[in-house]
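**Q** Dumping the structure here so I can ask a few things about it.
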Amino acid sequence: MLNVGSLAGFLPGPGMAVYYCVQSLVLSFTEALAKELAGTGVTATALCPGPTATNFGKRLARQKDAAV
C-alpha cells in the first residue's frame, strides 16, 4: 500500500493548519498500519514529496483576482 502525503506531515503549518494536520494524519496512519501489517507480507509506505514547481499558485491567484 502506498499513501501519498507531503513533507508538511513532519512540520507545523501556521496559516494552513488543516492541510498540515491532514498530512500528519496520513504519515501517522501509514506508520501505524505498517506496524500492524508486519509479518503479513503486506507493506504500507508513505510517500512524502517536498515542494514541486507547478503553476498551481499562479492559477489560484488569477482565480482569486477574477472573483473579486
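Each chain in the C-alpha cells gets a letter, A, B, ..., in the order shown, and its residues are numbered from 1; ligands are numbered from 1 in order too.
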Pick out the residues sitting within 9 Å of stretch 25-35 of chain A, and hand them over as a PDB file with N, CA, C and O atoms, in the first residue's frame; count only C-alpha atoms, and ignore anything fewer than 5 positions along from it in its own chain.

**A**
```pdb
ATOM      1  N   MET A   1       0.849  -1.150   0.000  1.00  0.00           N
ATOM      2  CA  MET A   1       0.000   0.000   0.000  1.00  0.00           C
ATOM      3  C   MET A   1       0.907   1.228   0.000  1.00  0.00           C
ATOM      4  O   MET A   1       1.882   1.284   0.739  1.00  0.00           O
ATOM      5  N   LEU A   2       0.576   2.203  -0.826  1.00  0.00           N
ATOM      6  CA  LEU A   2       1.344   3.441  -0.885  1.00  0.00           C
ATOM      7  C   LEU A   2       0.401   4.603  -0.634  1.00  0.00           C
ATOM      8  O   LEU A   2      -0.542   4.826  -1.403  1.00  0.00           O
ATOM      9  N   ASN A   3       0.627   5.310   0.446  1.00  0.00           N
ATOM     10  CA  ASN A   3      -0.138   6.512   0.752  1.00  0.00           C
ATOM     11  C   ASN A   3       0.706   7.727   0.405  1.00  0.00           C
ATOM     12  O   ASN A   3       1.883   7.789   0.751  1.00  0.00           O
ATOM     13  N   VAL A   4       0.111   8.677  -0.277  1.00  0.00           N
ATOM     14  CA  VAL A   4       0.838   9.877  -0.673  1.00  0.00           C
ATOM     15  C   VAL A   4       0.487  11.011   0.271  1.00  0.00           C
ATOM     16  O   VAL A   4      -0.681  11.388   0.408  1.00  0.00           O
ATOM     17  N   GLY A   5       1.509  11.523   0.942  1.00  0.00           N
ATOM     18  CA  GLY A   5       1.348  12.642   1.853  1.00  0.00           C
ATOM     19  C   GLY A   5       2.187  13.803   1.369  1.00  0.00           C
ATOM     20  O   GLY A   5       2.196  14.118   0.178  1.00  0.00           O
ATOM     21  N   SER A   6       2.909  14.407   2.275  1.00  0.00           N
ATOM     22  CA  SER A   6       3.730  15.565   1.962  1.00  0.00           C
ATOM     23  C   SER A   6       4.736  15.755   3.081  1.00  0.00           C
ATOM     24  O   SER A   6       4.528  15.288   4.208  1.00  0.00           O
ATOM     25  N   GLY A   9       3.697  16.877   6.587  1.00  0.00           N
ATOM     26  CA  GLY A   9       3.318  15.980   7.675  1.00  0.00           C
ATOM     27  C   GLY A   9       4.321  15.953   8.813  1.00  0.00           C
ATOM     28  O   GLY A   9       4.022  15.489   9.907  1.00  0.00           O
ATOM     29  N   PHE A  10       5.513  16.488   8.585  1.00  0.00           N
ATOM     30  CA  PHE A  10       6.569  16.490   9.596  1.00  0.00           C
ATOM     31  C   PHE A  10       6.700  17.836  10.304  1.00  0.00           C
ATOM     32  O   PHE A  10       7.539  17.984  11.184  1.00  0.00           O
ATOM     33  N   TYR A  20      -1.698  20.851   6.963  1.00  0.00           N
ATOM     34  CA  TYR A  20      -0.571  20.228   7.663  1.00  0.00           C
ATOM     35  C   TYR A  20      -1.061  19.107   8.585  1.00  0.00           C
ATOM     36  O   TYR A  20      -0.425  18.064   8.703  1.00  0.00           O
ATOM     37  N   VAL A  42       2.453  -7.886   3.584  1.00  0.00           N
ATOM     38  CA  VAL A  42       1.896  -6.648   3.027  1.00  0.00           C
ATOM     39  C   VAL A  42       2.635  -5.490   3.675  1.00  0.00           C
ATOM     40  O   VAL A  42       2.876  -5.493   4.881  1.00  0.00           O
ATOM     41  N   THR A  43       2.996  -4.484   2.888  1.00  0.00           N
ATOM     42  CA  THR A  43       3.686  -3.329   3.440  1.00  0.00           C
ATOM     43  C   THR A  43       2.850  -2.076   3.252  1.00  0.00           C
ATOM     44  O   THR A  43       2.017  -1.987   2.344  1.00  0.00           O
ATOM     45  N   ALA A  44       3.070  -1.114   4.112  1.00  0.00           N
ATOM     46  CA  ALA A  44       2.447   0.203   3.999  1.00  0.00           C
ATOM     47  C   ALA A  44       3.575   1.225   3.972  1.00  0.00           C
ATOM     48  O   ALA A  44       4.452   1.216   4.832  1.00  0.00           O
ATOM     49  N   THR A  45       3.551   2.075   2.979  1.00  0.00           N
ATOM     50  CA  THR A  45       4.606   3.067   2.784  1.00  0.00           C
ATOM     51  C   THR A  45       3.980   4.432   2.580  1.00  0.00           C
ATOM     52  O   THR A  45       2.962   4.556   1.903  1.00  0.00           O
ATOM     53  N   ALA A  46       4.603   5.452   3.173  1.00  0.00           N
ATOM     54  CA  ALA A  46       4.156   6.827   2.966  1.00  0.00           C
ATOM     55  C   ALA A  46       5.157   7.535   2.069  1.00  0.00           C
ATOM     56  O   ALA A  46       6.345   7.584   2.379  1.00  0.00           O
ATOM     57  N   LEU A  47       4.675   8.056   0.969  1.00  0.00           N
ATOM     58  CA  LEU A  47       5.488   8.856   0.066  1.00  0.00           C
ATOM     59  C   LEU A  47       5.243  10.314   0.441  1.00  0.00           C
ATOM     60  O   LEU A  47       4.108  10.780   0.413  1.00  0.00           O
ATOM     61  N   CYS A  48       6.310  11.022   0.826  1.00  0.00           N
ATOM     62  CA  CYS A  48       6.179  12.400   1.311  1.00  0.00           C
ATOM     63  C   CYS A  48       7.072  13.334   0.499  1.00  0.00           C
ATOM     64  O   CYS A  48       8.146  13.730   0.955  1.00  0.00           O
TER      65      CYS A  48
END
```

**Q** What parts of chain A does DSSP call strand (DSSP E or B)? I'd like the answer as number ranges by chain.

**A** A: 2-4, 45-47

**Q** Put those residues in a file: N, CA, C and O atoms, as a CSV table (one decimal), in the first residue's frame.

**A**
```
chain,number,residue,atom,x,y,z
A,2,LEU,N,0.6,2.2,-0.8
A,2,LEU,CA,1.3,3.4,-0.9
A,2,LEU,C,0.4,4.6,-0.6
A,2,LEU,O,-0.5,4.8,-1.4
A,3,ASN,N,0.6,5.3,0.4
A,3,ASN,CA,-0.1,6.5,0.8
A,3,ASN,C,0.7,7.7,0.4
A,3,ASN,O,1.9,7.8,0.8
A,4,VAL,N,0.1,8.7,-0.3
A,4,VAL,CA,0.8,9.9,-0.7
A,4,VAL,C,0.5,11.0,0.3
A,4,VAL,O,-0.7,11.4,0.4
A,45,THR,N,3.6,2.1,3.0
A,45,THR,CA,4.6,3.1,2.8
A,45,THR,C,4.0,4.4,2.6
A,45,THR,O,3.0,4.6,1.9
A,46,ALA,N,4.6,5.5,3.2
A,46,ALA,CA,4.2,6.8,3.0
A,46,ALA,C,5.2,7.5,2.1
A,46,ALA,O,6.3,7.6,2.4
A,47,LEU,N,4.7,8.1,1.0
A,47,LEU,CA,5.5,8.9,0.1
A,47,LEU,C,5.2,10.3,0.4
A,47,LEU,O,4.1,10.8,0.4
```

**Q** Could you tell me how far atom CA of A:Gly50 lies from atom CA of A:Ala8, in Å and to one decimal?

**A**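 A separation of 8.0 Å between them.
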
**Q** For A:Pro51, work out the shell of residues within 9 Å, counting only C-alpha atoms and skipping chain neighbours fewer than 2 positions away, then give it as a PyMOL selection string.

**A** chain A and resi 6-7+49+53

**Q** So that I can check the secondary structure, give me every residue of chain A assigned helix (DSSP H, G or I) by backbone DSSP, as a compact mmCIF listing (two decimals) with N, CA and C atoms, in the first residue's frame.

**A**
```
# COMPACT_ATOMS: atom_id res chain seq x y z
N LEU A 7 5.81 16.47 2.79
CA LEU A 7 6.74 16.84 3.86
C LEU A 7 6.05 17.66 4.93
N ALA A 8 4.92 18.26 4.59
CA ALA A 8 4.16 19.03 5.56
C ALA A 8 3.72 18.17 6.75
N GLY A 9 3.70 16.88 6.59
CA GLY A 9 3.32 15.98 7.68
C GLY A 9 4.32 15.95 8.81
N PHE A 10 5.51 16.49 8.59
CA PHE A 10 6.57 16.49 9.60
C PHE A 10 6.70 17.84 10.30
N ALA A 17 -3.15 25.24 8.79
CA ALA A 17 -3.17 24.21 9.83
C ALA A 17 -3.90 22.94 9.42
N VAL A 18 -5.03 23.07 8.73
CA VAL A 18 -5.79 21.87 8.37
C VAL A 18 -4.99 21.02 7.38
N TYR A 19 -4.38 21.65 6.38
CA TYR A 19 -3.57 20.90 5.41
C TYR A 19 -2.44 20.16 6.11
N TYR A 20 -1.70 20.85 6.96
CA TYR A 20 -0.57 20.23 7.66
C TYR A 20 -1.06 19.11 8.59
N CYS A 21 -2.21 19.32 9.21
CA CYS A 21 -2.78 18.31 10.10
C CYS A 21 -3.13 17.04 9.33
N VAL A 22 -3.76 17.21 8.18
CA VAL A 22 -4.13 16.04 7.37
C VAL A 22 -2.90 15.30 6.88
N GLN A 23 -1.86 16.03 6.51
CA GLN A 23 -0.63 15.38 6.06
C GLN A 23 0.01 14.60 7.20
N SER A 24 -0.06 15.14 8.40
CA SER A 24 0.46 14.44 9.58
C SER A 24 -0.35 13.17 9.84
N LEU A 25 -1.65 13.26 9.64
CA LEU A 25 -2.52 12.09 9.81
C LEU A 25 -2.14 10.99 8.81
N VAL A 26 -1.92 11.34 7.56
CA VAL A 26 -1.53 10.35 6.54
C VAL A 26 -0.24 9.65 6.98
N LEU A 27 0.73 10.42 7.42
CA LEU A 27 2.01 9.86 7.85
C LEU A 27 1.84 8.95 9.07
N SER A 28 1.15 9.43 10.08
CA SER A 28 0.96 8.65 11.31
C SER A 28 0.15 7.38 11.05
N PHE A 29 -0.91 7.51 10.27
CA PHE A 29 -1.74 6.35 9.93
C PHE A 29 -0.92 5.29 9.20
N THR A 30 -0.12 5.71 8.26
CA THR A 30 0.69 4.77 7.49
C THR A 30 1.71 4.07 8.36
N GLU A 31 2.34 4.82 9.26
CA GLU A 31 3.31 4.20 10.18
C GLU A 31 2.63 3.16 11.08
N ALA A 32 1.45 3.49 11.60
CA ALA A 32 0.74 2.54 12.46
C ALA A 32 0.30 1.31 11.67
N LEU A 33 -0.20 1.55 10.47
CA LEU A 33 -0.63 0.44 9.62
C LEU A 33 0.53 -0.48 9.28
N ALA A 34 1.69 0.10 9.01
CA ALA A 34 2.88 -0.71 8.70
C ALA A 34 3.22 -1.63 9.86
N LYS A 35 3.10 -1.12 11.09
CA LYS A 35 3.38 -1.97 12.28
C LYS A 35 2.36 -3.09 12.38
N GLU A 36 1.08 -2.77 12.14
CA GLU A 36 0.04 -3.80 12.24
C GLU A 36 0.19 -4.87 11.16
N LEU A 37 0.72 -4.49 10.01
CA LEU A 37 0.86 -5.43 8.90
C LEU A 37 2.17 -6.22 8.94
N PHE A 56 0.30 26.00 -9.95
CA PHE A 56 -0.85 26.00 -9.06
C PHE A 56 -1.04 27.35 -8.37
N GLY A 57 0.01 27.88 -7.80
CA GLY A 57 -0.09 29.16 -7.08
C GLY A 57 -0.50 30.30 -7.99
N LYS A 58 0.07 30.34 -9.19
CA LYS A 58 -0.28 31.39 -10.13
C LYS A 58 -1.74 31.28 -10.56
N ARG A 59 -2.20 30.08 -10.82
CA ARG A 59 -3.59 29.88 -11.24
C ARG A 59 -4.54 30.24 -10.12
N LEU A 60 -4.20 29.89 -8.90
CA LEU A 60 -5.04 30.22 -7.76
C LEU A 60 -5.15 31.72 -7.59
N ALA A 61 -4.04 32.42 -7.74
CA ALA A 61 -4.05 33.89 -7.62
C ALA A 61 -4.93 34.50 -8.71
N ARG A 62 -4.85 33.98 -9.94
CA ARG A 62 -5.68 34.50 -11.02
C ARG A 62 -7.15 34.26 -10.75
N GLN A 63 -7.49 33.10 -10.19
CA GLN A 63 -8.89 32.80 -9.88
C GLN A 63 -9.41 33.74 -8.81
N LYS A 64 -8.59 34.02 -7.80
CA LYS A 64 -8.99 34.96 -6.73
C LYS A 64 -9.21 36.35 -7.30
N ASP A 65 -8.30 36.79 -8.19
CA ASP A 65 -8.43 38.11 -8.79
C ASP A 65 -9.69 38.20 -9.64
N ALA A 66 -10.02 37.14 -10.35
CA ALA A 66 -11.19 37.13 -11.21
C ALA A 66 -12.49 37.14 -10.41
N ALA A 67 -12.45 36.58 -9.21
CA ALA A 67 -13.64 36.50 -8.37
C ALA A 67 -13.96 37.82 -7.68
```
